[in-house]
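Okay, so here's the structure we're looking at.
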Amino acid sequence: MKADPRNVLTGDHYLDGNHASAEGAIAAGCKFFAGYPITPSTEIAERFARRIPLVDGVFIQMEDELASMNAILGASWGGVKSMTCTSGPGFSLMMENFGLGIMLETPCVLVNVQRGGPSTGLPTLPGQADMMQARWGSHGDYEVIALAPDSPQESFELTIQAFNLSEKYRMPVLVMTDECVGHMTEKVVIPPAEEIELYERRYTDKKPGEAWPFEANGDDTAPMLPVGKGYKFHVTGLTHDYRGYPIIDAEAQEKKVKHLVDKIRNHVDEIIWIEEKDVEGAELVVMSYGISSRVVQPAVAKARKEGIKIGQIKMVTVWPFPEKRVRELAEKVKALVMVEMNYGQVYFEMDRCAAGKCKTYLCGHAGGTVHKPDDIYQTIKEAVK
Amino acid sequence: MSTKAAPLNVKEDEKEHPLENILRMDRIPHIWCPTCGLGTTVTALAAALEHLKLDLNKVAIVSGIGCTGRVAGYMKLDSFHTTHGRALPFAVGLHIARPDMKVIVFSGDGDIASIGGNHFIHSARRNFDITVICVNNFIYAMTGGQVAPTTPGKAITSTSPHGNYEHPFNLPYLAGACGATYVARWTALHIRRLTTAMSEAISKRGFSFVEIVAPCSTLYARLNKLGTGLDLMKFYHDNSVIKHGADLKDVDIDFQSKITVGKFVDIEKPTYIDSMNEHLKKKYGDKYKLYGGVNGND
């Protein structure tokens, strides 16, 4: 299905990443935004609030992030595409009910414009240190999908993609951007609506009385049931069976959690999106995501000029992690380098997958600014020694 | 249509449970203790829905966590059992998406007034067209009998083993102060009055709140040596004083004392969606299409 032209501001714009993300959401057909102000994410809420009354939707500033996350789940079950945005402390508050979204298999989108932490940290400066919280922040066992835009243009595109993935796999999807991308203003090209492909929600084709809310076949995602149409279904955050009825035993737990894990793990090849450059024949590959994938460019160019055979992988999706590709590369290259604004989060995934087959290096720091190209260059030099 | 209850021991001529069109019979028997007050409150809700002759396809129920939080699972409606304290914000999203549906939040005092307190006051302030039914048993029952923000002074709970010395919430006063358009309180044994209150609350356009004082037999009654749940249910009923329109600040509840019950608030006020539509229409004229929910007209 194509986007509705009424929602799409087709044309060339000069936008920051946050505004672009809001436009992506509206283009994707998002009609409900519940959020709570927090720097540096607030402009997403502000733009949505300004735009949405004239495109038939609702913005509401909730009393806190707990409420925001729950309200978008309720709206999604009401049949509306919904989203929220936040940063650091708000992300922590949303984690409990992000888990409810996972358990109820509820499509929606959460944008985290990362800042420096822990705690209040650096509200106005960038970080990439919520990546493991994105992966494991809610209690229990599950898989997630997280996308990392590197620019306002990608903030627009990946927010749409996040809605599509959330509908396809019936789950909340994360857009993990950062203060730098959120507040960086660049040209954003918004295409005509007919060029924007949307994945529409699948509803059951069974009649009321015959359909259940979690009736999945194997690792397939079950179609949803609509409210208000006589299905009179039940869903619960307790471990449940295909009927949505609570079942408190190990067998039901195994079935439910295995489904939550398998619906992603068995489809990683369709979900994982990485961009490779000069990887064939490289002795060294630099991996990065989000803003860091742009910051690595001068260092990589300098190293290449010096004759270092260097390749790059930009992870557009960070979760699920491109495990298979990293395992293959580890057999071929001398070293893998991860560039991220933290002291080792996605790096440890890369290191785990390298499994000692090649050296691994982290070029990390605590956040507050993007990397200095020279620090990345020095790590590259050390890696090829 | 009938989903047969499996082990219910009924006579041949009473095969149909009187509430089987509204209860999820395949989930009965319920998990509640004998002489718990929740049964009568669910019956009152079922009776209220029947009395209102609502299209039950267009009624949704949302609960949080706790004994009362299990109500959603037993009602044959679109029903959502959410996380602790978060029934209201979940209901807010559902209500805004589907303003054509009646959304009822049915949860306990700990869920609504403690962990969900912030959502309660703001939902009342914004005047969403949502009904909140709060069963107040003065204790955290599901977790084994801990002190609640509603536990009366002196009452013994597992985490106030020397007797409670906190000041409890007066829930109708809280709801009224925050802007609720309908506020009533009854006990679990005022079946007919409670059914009427629920009918009025569900019919009310705006944020409506019904508090039900109900016994917790296994924990509150036992820890405080108050007899069985049934004894306590009778005590609450017999010691209640009906005072419609009572001054809300006077309706607080002391330990085993008189309980003021009645309809305290019944006012008209624009709902959240009414206010939004009125304001935006004024501001944008024909450019603004009145919001009725994305699927509101089907």
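Naming scheme: A, B, ... for chains in displayed order of the structure tokens; residues 1 onward per chain; ligands 1 onward as shown.
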
If the cut-off is 6 Å, can you tell me the residues of chain B near chain A, counting only C-alpha atoms? I'd like them as a list in words. Asn57, Lys58, Lys76, Leu77, Asp78, Ser79, Phe80, His81, Thr82, Pro89, Phe90, Ala91, Val92, Gly93, Leu94, Ala97, Arg98 and Tyr288 of chain B

Could you pull out the residues in stretch 165-328 of chain A that DSSP calls helix (DSSP H, G or I) from the backbone, as a compact mmCIF listing (two decimals) with N, CA and C atoms, in the first residue's frame?
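Saved file part-v2.txt follows:
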# COMPACT_ATOMS: atom_id res chain seq x y z
N LEU A 165 8.16 -2.22 9.78
CA LEU A 165 8.64 -3.41 10.50
C LEU A 165 7.75 -3.71 11.71
N SER A 166 7.26 -2.67 12.37
CA SER A 166 6.42 -2.88 13.56
C SER A 166 5.11 -3.57 13.18
N GLU A 167 4.58 -3.20 12.02
CA GLU A 167 3.34 -3.85 11.57
C GLU A 167 3.62 -5.27 11.09
N LYS A 168 4.74 -5.44 10.38
CA LYS A 168 5.04 -6.75 9.81
C LYS A 168 5.30 -7.78 10.90
N TYR A 169 6.08 -7.37 11.91
CA TYR A 169 6.45 -8.33 12.96
C TYR A 169 5.62 -8.15 14.23
N GLU A 179 21.51 12.94 19.80
CA GLU A 179 21.36 14.40 19.82
C GLU A 179 21.93 15.04 18.57
N CYS A 180 23.04 14.49 18.09
CA CYS A 180 23.71 15.09 16.94
C CYS A 180 22.82 14.99 15.69
N VAL A 181 22.32 13.79 15.41
CA VAL A 181 21.43 13.60 14.25
C VAL A 181 20.13 14.37 14.47
N GLY A 182 19.63 14.34 15.71
CA GLY A 182 18.35 14.98 16.02
C GLY A 182 18.38 16.48 15.77
N HIS A 183 19.53 17.11 16.06
CA HIS A 183 19.61 18.57 15.95
C HIS A 183 20.42 19.05 14.75
N ALA A 193 4.01 10.73 -2.43
CA ALA A 193 3.38 9.67 -1.64
C ALA A 193 3.42 8.32 -2.34
N GLU A 194 3.25 8.34 -3.67
CA GLU A 194 3.19 7.05 -4.38
C GLU A 194 4.52 6.31 -4.38
N GLU A 195 5.59 7.00 -3.97
CA GLU A 195 6.89 6.32 -3.87
C GLU A 195 7.17 5.81 -2.46
N ALA A 250 5.47 -23.54 32.88
CA ALA A 250 6.70 -23.51 32.09
C ALA A 250 6.44 -23.79 30.61
N GLU A 251 5.46 -24.62 30.34
CA GLU A 251 5.18 -25.00 28.96
C GLU A 251 4.66 -23.79 28.15
N ALA A 252 3.73 -23.05 28.75
CA ALA A 252 3.19 -21.87 28.09
C ALA A 252 4.27 -20.81 27.93
N GLN A 253 5.11 -20.67 28.95
CA GLN A 253 6.22 -19.72 28.91
C GLN A 253 7.15 -20.05 27.76
N GLU A 254 7.49 -21.33 27.63
CA GLU A 254 8.38 -21.77 26.56
C GLU A 254 7.79 -21.42 25.19
N LYS A 255 6.52 -21.68 25.03
CA LYS A 255 5.87 -21.45 23.75
C LYS A 255 5.82 -19.95 23.40
N LYS A 256 5.43 -19.16 24.40
CA LYS A 256 5.27 -17.72 24.14
C LYS A 256 6.62 -17.06 23.87
N VAL A 257 7.57 -17.29 24.79
CA VAL A 257 8.86 -16.61 24.66
C VAL A 257 9.60 -17.09 23.41
N LYS A 258 9.50 -18.39 23.14
CA LYS A 258 10.15 -18.93 21.94
C LYS A 258 9.58 -18.26 20.70
N HIS A 259 8.29 -18.02 20.71
CA HIS A 259 7.67 -17.33 19.57
C HIS A 259 8.21 -15.90 19.44
N LEU A 260 8.33 -15.18 20.58
CA LEU A 260 8.82 -13.80 20.54
C LEU A 260 10.25 -13.75 20.00
N VAL A 261 11.02 -14.77 20.33
CA VAL A 261 12.42 -14.83 19.87
C VAL A 261 12.47 -15.28 18.41
N ASP A 262 11.73 -16.33 18.09
CA ASP A 262 11.81 -16.92 16.75
C ASP A 262 11.25 -16.01 15.66
N LYS A 263 10.24 -15.21 16.01
CA LYS A 263 9.65 -14.41 14.93
C LYS A 263 10.66 -13.40 14.40
N ILE A 264 11.70 -13.10 15.19
CA ILE A 264 12.79 -12.26 14.69
C ILE A 264 13.95 -13.12 14.20
N ARG A 265 14.40 -14.06 15.04
CA ARG A 265 15.61 -14.83 14.68
C ARG A 265 15.44 -15.60 13.38
N VAL A 268 15.95 -12.93 10.35
CA VAL A 268 17.01 -11.91 10.39
C VAL A 268 17.46 -11.49 8.99
N ASP A 269 17.45 -12.43 8.06
CA ASP A 269 17.93 -12.08 6.71
C ASP A 269 17.03 -11.04 6.05
N GLU A 270 15.74 -11.05 6.41
CA GLU A 270 14.83 -10.04 5.84
C GLU A 270 14.93 -8.72 6.59
N ILE A 271 15.33 -8.78 7.87
CA ILE A 271 15.30 -7.58 8.69
C ILE A 271 16.64 -6.83 8.64
N SER A 292 28.03 8.01 14.12
CA SER A 292 29.43 7.57 14.09
C SER A 292 29.83 7.08 12.71
N SER A 293 28.86 6.58 11.93
CA SER A 293 29.20 6.07 10.60
C SER A 293 29.56 7.21 9.65
N ARG A 294 29.19 8.42 9.99
CA ARG A 294 29.63 9.55 9.17
C ARG A 294 30.97 10.08 9.67
N VAL A 295 31.13 10.04 10.98
CA VAL A 295 32.36 10.58 11.57
C VAL A 295 33.58 9.74 11.19
N VAL A 296 33.37 8.46 10.89
CA VAL A 296 34.52 7.62 10.53
C VAL A 296 35.10 7.99 9.16
N GLN A 297 34.34 8.68 8.33
CA GLN A 297 34.76 8.87 6.93
C GLN A 297 36.15 9.50 6.75
N PRO A 298 36.47 10.64 7.40
CA PRO A 298 37.81 11.22 7.19
C PRO A 298 38.94 10.29 7.62
N ALA A 299 38.73 9.56 8.72
CA ALA A 299 39.77 8.65 9.21
C ALA A 299 39.98 7.50 8.23
N VAL A 300 38.88 6.98 7.70
CA VAL A 300 38.96 5.88 6.73
C VAL A 300 39.66 6.37 5.45
N ALA A 301 39.32 7.57 5.00
CA ALA A 301 39.92 8.13 3.78
C ALA A 301 41.43 8.30 3.96
N LYS A 302 41.82 8.78 5.14
CA LYS A 302 43.24 9.00 5.41
C LYS A 302 43.99 7.67 5.42
N ALA A 303 43.38 6.66 6.06
CA ALA A 303 44.02 5.34 6.14
C ALA A 303 44.16 4.73 4.75
N ARG A 304 43.13 4.91 3.93
CA ARG A 304 43.16 4.34 2.58
C ARG A 304 44.25 5.00 1.74
N LYS A 305 44.38 6.30 1.90
CA LYS A 305 45.42 7.05 1.19
C LYS A 305 46.80 6.49 1.51
N GLU A 323 25.10 -10.94 12.86
CA GLU A 323 25.98 -11.96 13.41
C GLU A 323 26.67 -12.80 12.32
N LYS A 324 25.87 -13.26 11.36
CA LYS A 324 26.40 -14.15 10.32
C LYS A 324 27.50 -13.46 9.52
N ARG A 325 27.26 -12.21 9.15
CA ARG A 325 28.21 -11.47 8.32
C ARG A 325 29.51 -11.23 9.10
N VAL A 326 29.39 -10.90 10.38
CA VAL A 326 30.59 -10.64 11.18
C VAL A 326 31.40 -11.93 11.33
N ARG A 327 30.73 -13.07 11.51
CA ARG A 327 31.44 -14.35 11.60
C ARG A 327 32.22 -14.64 10.31
N GLU A 328 31.58 -14.38 9.15
CA GLU A 328 32.26 -14.58 7.86
C GLU A 328 33.49 -13.69 7.74

Close residues, B:Ala141 itself excluded, 8 Å, only C-alpha atoms, min 3 positions apart in chain, as number ranges by chain: B: 66-67, 144-146, 216, 219-220

Please write the residues from the selection above to a file, keeping N, CA and C atoms, as a PDB file, in the first residue's frame.
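Result file is part_22.pdb:
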ATOM      1  N   GLY B  66      -3.346  -6.888  40.088  1.00  0.00           N
ATOM      2  CA  GLY B  66      -3.894  -7.104  41.422  1.00  0.00           C
ATOM      3  C   GLY B  66      -5.115  -7.986  41.330  1.00  0.00           C
ATOM      4  N   CYS B  67      -5.758  -8.222  42.468  1.00  0.00           N
ATOM      5  CA  CYS B  67      -6.959  -9.059  42.442  1.00  0.00           C
ATOM      6  C   CYS B  67      -8.002  -8.448  41.520  1.00  0.00           C
ATOM      7  N   GLY B 144      -0.187 -10.397  48.989  1.00  0.00           N
ATOM      8  CA  GLY B 144      -0.143 -10.998  50.317  1.00  0.00           C
ATOM      9  C   GLY B 144      -0.455 -10.072  51.475  1.00  0.00           C
ATOM     10  N   GLY B 145      -1.111  -8.939  51.209  1.00  0.00           N
ATOM     11  CA  GLY B 145      -1.638  -8.160  52.330  1.00  0.00           C
ATOM     12  C   GLY B 145      -0.767  -7.030  52.831  1.00  0.00           C
ATOM     13  N   GLN B 146      -0.211  -6.224  51.900  1.00  0.00           N
ATOM     14  CA  GLN B 146       0.624  -5.098  52.326  1.00  0.00           C
ATOM     15  C   GLN B 146      -0.196  -3.811  52.457  1.00  0.00           C
ATOM     16  N   CYS B 216     -11.638  -7.680  51.809  1.00  0.00           N
ATOM     17  CA  CYS B 216     -10.642  -8.682  51.446  1.00  0.00           C
ATOM     18  C   CYS B 216     -10.693  -9.714  52.563  1.00  0.00           C
ATOM     19  N   LEU B 219      -6.959 -11.579  53.641  1.00  0.00           N
ATOM     20  CA  LEU B 219      -5.861 -10.820  54.239  1.00  0.00           C
ATOM     21  C   LEU B 219      -6.345  -9.736  55.201  1.00  0.00           C
ATOM     22  N   TYR B 220      -7.120  -8.786  54.693  1.00  0.00           N
ATOM     23  CA  TYR B 220      -7.513  -7.667  55.556  1.00  0.00           C
ATOM     24  C   TYR B 220      -8.369  -8.153  56.722  1.00  0.00           C
TER      25      TYR B 220
END

Wanna dump the stretch 69-133 of chain B-stretch 18-30 of chain B contacts at 10 Å for me, each residue with its shortest atom pair and the distance in Å to one decimal, counting only C-alpha atoms, ordered by chain and number, as CSV?
residue,atom,partner,partner_atom,distance
B:Arg70,CA,B:His30,CA,8.8
B:Val71,CA,B:His30,CA,9.2
B:Ala72,CA,B:Arg24,CA,9.8
B:Gly73,CA,B:Arg24,CA,7.6
B:Tyr74,CA,B:Arg24,CA,5.1
B:Met75,CA,B:Leu23,CA,4.7
B:Lys76,CA,B:Arg24,CA,4.8
B:Leu77,CA,B:Ile22,CA,7.2

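Using only C-alpha atoms for every distance, the candidate list B:Ser208, B:Ser203, B:Thr83, B:Thr150 yields B:Ser208 as the residue closest to B:Val132.
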
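For stretch 206-259 of chain B, a DSSP pass over the backbone yields strand (DSSP E) at Ser208, Phe209, Val210, Glu211, Ile212, Val213, Ser240, Val241, Ile242 and Ile259 of chain B.
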
Exercise: A:Tyr343 partners within 10 Å, only C-alpha atoms, chain neighbours under 2 positions left out, as a list in words: Gln128, Ala129, Val339, Glu340, Met341, Gln345, Val346, Tyr347, Phe348, Leu362, Cys363, Gly364, His365, Ala366 and Gly367 of chain A

Considering only C-alpha atoms, give me a table of residues in stretch 52-121 of chain B that are at most 8 Å from stretch 179-202 of chain B, with the closest atom pair and distance in Å for each, as CSV.
residue,atom,partner,partner_atom,distance
B:Leu52,CA,B:Ser199,CA,6.6
B:Lys102,CA,B:Ile202,CA,7.4
B:Ile104,CA,B:Ile202,CA,7.6
